[in-house]
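Only one structure is covered here, and it is reproduced in the block below.
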Amino acid sequence: MSVFVTVGSTGFDELIGVLSTREFLQSLCTRGFRGLVVQYGASGDRFRLPNEASEELGIAVTGFDYAATGTQQHMDGAELVITHGGAGSILDALRARRPVIVVANRRLMADHQCEVAEELGRAGHVVVASSDTLARAVVDGGFLRLGAFPNADPRPVGEIVDEEALLALV
C-alpha cells in the first residue's frame, strides 16, 4: 500500500519537512503503508528521504519536484493522498475516489486553503490536519471512514445556459 503526497507547484516546507520524521514514517507503518511518493514542488531542499528511519521501517520512498502530467497517475495508484489545500489538488484526489488528508498551507494568500479544506472536512469528504497533527491523523485512520464525493451534475449549468439563451431571444 502506498501514500502519495502533493504540494503542487509551489513549496510547502512545513509539510515536506514532516515527511522525513520518524513519527510520520512510523504512522505509515502502523497503518500498513510501505510506499511513499512525494511531489515536493519548490521544497526540494527540505525533501530528506529516503533516510535511516524510512529504510529501517521498510518504506520505499521516491520523490519529484513537479510534473504537469503524471500526478494523476500517482493519485490513482495510491491508497491515501495527502495534499496541500489547493482546490485543484483536492478535487483531483476526490475525483480519483481516494481517501484524502488535507494539510492547508497557511502561508499562502490570506490562509485561503483552510476555508476549502474545512468545508470539505465538515462535509465528511476529507480529513483536515496540520503539519503538526499529520502523523496522528494517519494513525487515527479517519480517512478510512470518509464519505464519497459526489460526481458533478452538469444539468444546472446547462439549465442556466438554456435560460440565458432564451432571454437573449426575447
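Chain lettering (A, B, ...) mirrors the order of the C-alpha cells, residue numbering begins at 1 for each chain separately, and ligand numbering begins at 1 in order of display.
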
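By chain and then residue number, the residues within 9 Å of Gly58 in chain A are Cys29, Arg34, Gly35, Ala53 and Ser54 of chain A, counting only C-alpha atoms and disregarding those fewer than 4 positions away in sequence.
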
Quiz prompt | Best match for closeness to Ile90 in chain A among A:Gln39, A:Thr30, A:Thr6, A:Asn151, counting only C-alpha atoms | solution =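 Using only C-alpha atoms, the shortest distance to Ile90 in chain A belongs to A:Thr6.
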
Taking the DSSP assignment computed from this structure's backbone, write out as a compact mmCIF listing (two decimals) with C-alpha atoms, in the first residue's frame all residues of range 10-165 of chain A that belong to alpha helix (DSSP H).
# COMPACT_ATOMS: atom_id res chain seq x y z
CA ASP A 13 8.41 23.41 3.59
CA GLU A 14 6.47 22.54 6.77
CA LEU A 15 4.67 19.59 5.18
CA ILE A 16 7.69 18.29 3.27
CA GLY A 17 9.82 18.55 6.40
CA VAL A 18 7.38 16.44 8.44
CA ARG A 22 10.34 9.07 12.45
CA GLU A 23 6.91 9.87 13.92
CA PHE A 24 5.31 10.30 10.49
CA LEU A 25 7.08 7.31 8.96
CA GLN A 26 6.04 5.17 11.94
CA SER A 27 2.43 6.29 11.46
CA LEU A 28 2.57 4.98 7.90
CA CYS A 29 3.89 1.63 9.13
CA THR A 30 1.18 1.43 11.78
CA GLU A 52 17.65 5.84 8.02
CA ALA A 53 14.17 5.72 9.54
CA SER A 54 12.41 5.01 6.23
CA GLU A 55 14.88 2.24 5.43
CA GLU A 56 14.63 0.75 8.92
CA LEU A 57 10.81 0.78 8.74
CA THR A 71 0.44 13.47 -10.94
CA GLN A 72 -2.98 11.92 -11.53
CA GLN A 73 -1.33 8.53 -12.15
CA HIS A 74 0.31 8.73 -8.75
CA MET A 75 -3.02 9.63 -7.14
CA ASP A 76 -4.77 6.79 -8.93
CA GLY A 77 -2.14 4.33 -7.71
CA ALA A 87 -8.70 23.26 -4.57
CA GLY A 88 -7.47 21.64 -7.79
CA SER A 89 -5.33 19.06 -5.99
CA ILE A 90 -8.08 18.25 -3.51
CA LEU A 91 -10.66 17.81 -6.25
CA ASP A 92 -8.30 15.65 -8.32
CA ALA A 93 -7.87 13.30 -5.36
CA LEU A 94 -11.60 13.23 -4.58
CA ARG A 95 -12.48 12.53 -8.22
CA HIS A 112 -7.50 30.67 1.74
CA GLN A 113 -6.63 26.96 1.65
CA CYS A 114 -8.10 26.47 5.12
CA GLU A 115 -11.58 27.56 4.05
CA VAL A 116 -11.78 24.95 1.30
CA ALA A 117 -10.29 22.21 3.47
CA GLU A 118 -12.51 22.93 6.47
CA GLU A 119 -15.69 22.99 4.40
CA LEU A 120 -14.86 19.65 2.76
CA GLY A 121 -13.90 18.30 6.20
CA ARG A 122 -17.26 19.35 7.67
CA LEU A 134 -0.47 14.75 10.33
CA ALA A 135 1.10 11.66 11.92
CA ARG A 136 -1.78 11.45 14.41
CA ALA A 137 -4.33 11.79 11.58
CA VAL A 138 -2.74 8.83 9.78
CA VAL A 139 -2.72 6.67 12.93
CA ASP A 140 -6.30 7.63 13.82
CA ARG A 155 -27.51 19.90 -15.58
CA PRO A 156 -27.65 23.16 -13.56
CA VAL A 157 -25.04 24.74 -15.84
CA GLY A 158 -26.95 23.62 -18.91
CA GLU A 159 -30.19 24.98 -17.47
CA ILE A 160 -28.58 28.36 -16.87
CA VAL A 161 -27.20 28.45 -20.41
CA ASP A 162 -30.62 27.49 -21.83
CA GLU A 163 -32.34 30.15 -19.72
CA GLU A 164 -29.86 32.84 -20.75
CA ALA A 165 -30.18 31.83 -24.42

Neighbour list for Leu144 in chain A as a PDB file with C-alpha atoms, in the first residue's frame, cut-off 12 Å, only C-alpha atoms, skip fewer than 3 positions in-chain:
ATOM      1  CA  ARG A  31      -1.424   1.658   9.003  1.00  0.00           C
ATOM      2  CA  GLU A  79      -4.366   4.119  -1.251  1.00  0.00           C
ATOM      3  CA  LEU A  80      -4.114   7.505   0.501  1.00  0.00           C
ATOM      4  CA  VAL A  81      -3.471  11.017  -0.814  1.00  0.00           C
ATOM      5  CA  ARG A  97     -12.014   8.263  -5.254  1.00  0.00           C
ATOM      6  CA  ARG A  98      -9.035   8.247  -2.909  1.00  0.00           C
ATOM      7  CA  PRO A  99      -9.142   8.986   0.808  1.00  0.00           C
ATOM      8  CA  VAL A 100      -7.669  12.439   1.344  1.00  0.00           C
ATOM      9  CA  ILE A 101      -5.893  14.175   4.186  1.00  0.00           C
ATOM     10  CA  GLY A 124     -17.059  14.391   5.600  1.00  0.00           C
ATOM     11  CA  HIS A 125     -15.095  14.205   2.352  1.00  0.00           C
ATOM     12  CA  VAL A 126     -11.574  14.876   3.678  1.00  0.00           C
ATOM     13  CA  VAL A 127      -9.628  14.758   6.910  1.00  0.00           C
ATOM     14  CA  ALA A 137      -4.326  11.791  11.576  1.00  0.00           C
ATOM     15  CA  VAL A 138      -2.739   8.827   9.784  1.00  0.00           C
ATOM     16  CA  VAL A 139      -2.717   6.667  12.926  1.00  0.00           C
ATOM     17  CA  ASP A 140      -6.297   7.626  13.824  1.00  0.00           C
ATOM     18  CA  GLY A 141      -7.454   6.361  10.438  1.00  0.00           C
ATOM     19  CA  GLY A 147     -17.917   9.692   2.529  1.00  0.00           C
ATOM     20  CA  ALA A 148     -17.735   9.538  -1.241  1.00  0.00           C
TER      21      ALA A 148
END

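Taking CA of Asp132 in chain A and CA of Ala78 in chain A as the two end points, the separation is 22.6 Å.
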
Exercise. Would you please work out which residue, of A:Tyr40, A:Phe143, A:Tyr66, A:Phe47, is nearest to Gly11 in chain A when using only C-alpha atoms?
Key: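 Looking at the shortest contact to Gly11 in chain A, the residue is A:Tyr40.
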
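Compared by their closest atoms to His84 in chain A, and using only C-alpha atoms, the residues A:Ala42, A:Val7, A:Ala96, A:Leu19 rank with A:Val7 nearest.
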
Exercise. From the DSSP assignment of the backbone, select every residue of range 12-142 of chain A that is strand (DSSP E), and format the answer as a PyMOL selection string.
Key: chain A and resi 35-39+60-64+80-83+100-103+127-129

With N, CA and C atoms retained, export the selected residues as a PDB file, in the first residue's frame.
ATOM      1  N   GLY A  35       4.888   2.243   0.878  1.00  0.00           N
ATOM      2  CA  GLY A  35       5.390   3.090  -0.199  1.00  0.00           C
ATOM      3  C   GLY A  35       4.992   4.536   0.035  1.00  0.00           C
ATOM      4  N   LEU A  36       5.879   5.453  -0.312  1.00  0.00           N
ATOM      5  CA  LEU A  36       5.622   6.886  -0.163  1.00  0.00           C
ATOM      6  C   LEU A  36       6.181   7.592  -1.387  1.00  0.00           C
ATOM      7  N   VAL A  37       5.292   8.242  -2.144  1.00  0.00           N
ATOM      8  CA  VAL A  37       5.696   9.025  -3.307  1.00  0.00           C
ATOM      9  C   VAL A  37       5.396  10.483  -2.977  1.00  0.00           C
ATOM     10  N   VAL A  38       6.413  11.327  -3.120  1.00  0.00           N
ATOM     11  CA  VAL A  38       6.287  12.720  -2.713  1.00  0.00           C
ATOM     12  C   VAL A  38       6.532  13.647  -3.892  1.00  0.00           C
ATOM     13  N   GLN A  39       5.564  14.483  -4.188  1.00  0.00           N
ATOM     14  CA  GLN A  39       5.723  15.558  -5.161  1.00  0.00           C
ATOM     15  C   GLN A  39       5.982  16.798  -4.314  1.00  0.00           C
ATOM     16  N   ALA A  60       9.500   2.272   1.091  1.00  0.00           N
ATOM     17  CA  ALA A  60      10.146   2.674  -0.158  1.00  0.00           C
ATOM     18  C   ALA A  60       9.705   4.093  -0.487  1.00  0.00           C
ATOM     19  N   VAL A  61      10.667   4.985  -0.713  1.00  0.00           N
ATOM     20  CA  VAL A  61      10.362   6.397  -0.919  1.00  0.00           C
ATOM     21  C   VAL A  61      10.916   6.872  -2.255  1.00  0.00           C
ATOM     22  N   THR A  62      10.090   7.600  -2.992  1.00  0.00           N
ATOM     23  CA  THR A  62      10.546   8.292  -4.196  1.00  0.00           C
ATOM     24  C   THR A  62       9.964   9.701  -4.160  1.00  0.00           C
ATOM     25  N   GLY A  63      10.588  10.601  -4.904  1.00  0.00           N
ATOM     26  CA  GLY A  63      10.101  11.969  -4.936  1.00  0.00           C
ATOM     27  C   GLY A  63      10.458  12.653  -6.231  1.00  0.00           C
ATOM     28  N   PHE A  64       9.704  13.706  -6.538  1.00  0.00           N
ATOM     29  CA  PHE A  64       9.972  14.515  -7.724  1.00  0.00           C
ATOM     30  C   PHE A  64       9.465  15.924  -7.456  1.00  0.00           C
ATOM     31  N   LEU A  80      -3.869   6.287  -0.272  1.00  0.00           N
ATOM     32  CA  LEU A  80      -4.114   7.505   0.501  1.00  0.00           C
ATOM     33  C   LEU A  80      -3.396   8.650  -0.184  1.00  0.00           C
ATOM     34  N   VAL A  81      -4.080   9.804  -0.274  1.00  0.00           N
ATOM     35  CA  VAL A  81      -3.471  11.017  -0.814  1.00  0.00           C
ATOM     36  C   VAL A  81      -3.420  12.054   0.303  1.00  0.00           C
ATOM     37  N   ILE A  82      -2.242  12.612   0.490  1.00  0.00           N
ATOM     38  CA  ILE A  82      -2.057  13.737   1.401  1.00  0.00           C
ATOM     39  C   ILE A  82      -1.725  14.924   0.512  1.00  0.00           C
ATOM     40  N   THR A  83      -2.523  15.981   0.615  1.00  0.00           N
ATOM     41  CA  THR A  83      -2.358  17.104  -0.289  1.00  0.00           C
ATOM     42  C   THR A  83      -2.377  18.426   0.452  1.00  0.00           C
ATOM     43  N   VAL A 100      -8.502  11.250   1.406  1.00  0.00           N
ATOM     44  CA  VAL A 100      -7.669  12.439   1.344  1.00  0.00           C
ATOM     45  C   VAL A 100      -7.473  13.042   2.733  1.00  0.00           C
ATOM     46  N   ILE A 101      -6.220  13.343   3.035  1.00  0.00           N
ATOM     47  CA  ILE A 101      -5.893  14.175   4.186  1.00  0.00           C
ATOM     48  C   ILE A 101      -5.366  15.483   3.617  1.00  0.00           C
ATOM     49  N   VAL A 102      -5.960  16.593   4.042  1.00  0.00           N
ATOM     50  CA  VAL A 102      -5.558  17.906   3.563  1.00  0.00           C
ATOM     51  C   VAL A 102      -4.763  18.617   4.653  1.00  0.00           C
ATOM     52  N   VAL A 103      -3.598  19.097   4.265  1.00  0.00           N
ATOM     53  CA  VAL A 103      -2.773  19.932   5.138  1.00  0.00           C
ATOM     54  C   VAL A 103      -2.670  21.280   4.440  1.00  0.00           C
ATOM     55  N   VAL A 127     -10.117  14.534   5.554  1.00  0.00           N
ATOM     56  CA  VAL A 127      -9.628  14.758   6.910  1.00  0.00           C
ATOM     57  C   VAL A 127      -8.726  15.977   6.835  1.00  0.00           C
ATOM     58  N   VAL A 128      -8.897  16.894   7.756  1.00  0.00           N
ATOM     59  CA  VAL A 128      -8.072  18.099   7.796  1.00  0.00           C
ATOM     60  C   VAL A 128      -7.055  17.943   8.916  1.00  0.00           C
ATOM     61  N   ALA A 129      -5.797  18.191   8.585  1.00  0.00           N
ATOM     62  CA  ALA A 129      -4.717  18.098   9.571  1.00  0.00           C
ATOM     63  C   ALA A 129      -3.778  19.280   9.369  1.00  0.00           C
TER      64      ALA A 129
END

Quiz item: How many Å separate CA of Gly8 in chain A from CA of Asp65 in chain A?
Solution: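 Computing the Euclidean distance for CA of Gly8 in chain A and CA of Asp65 in chain A yields 8.8 Å.
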
Exercise. Would you mind reading off the distance between CA of Ala104 in chain A and CA of Ser43 in chain A, one decimal, in Å?
Key: 15.2 Å
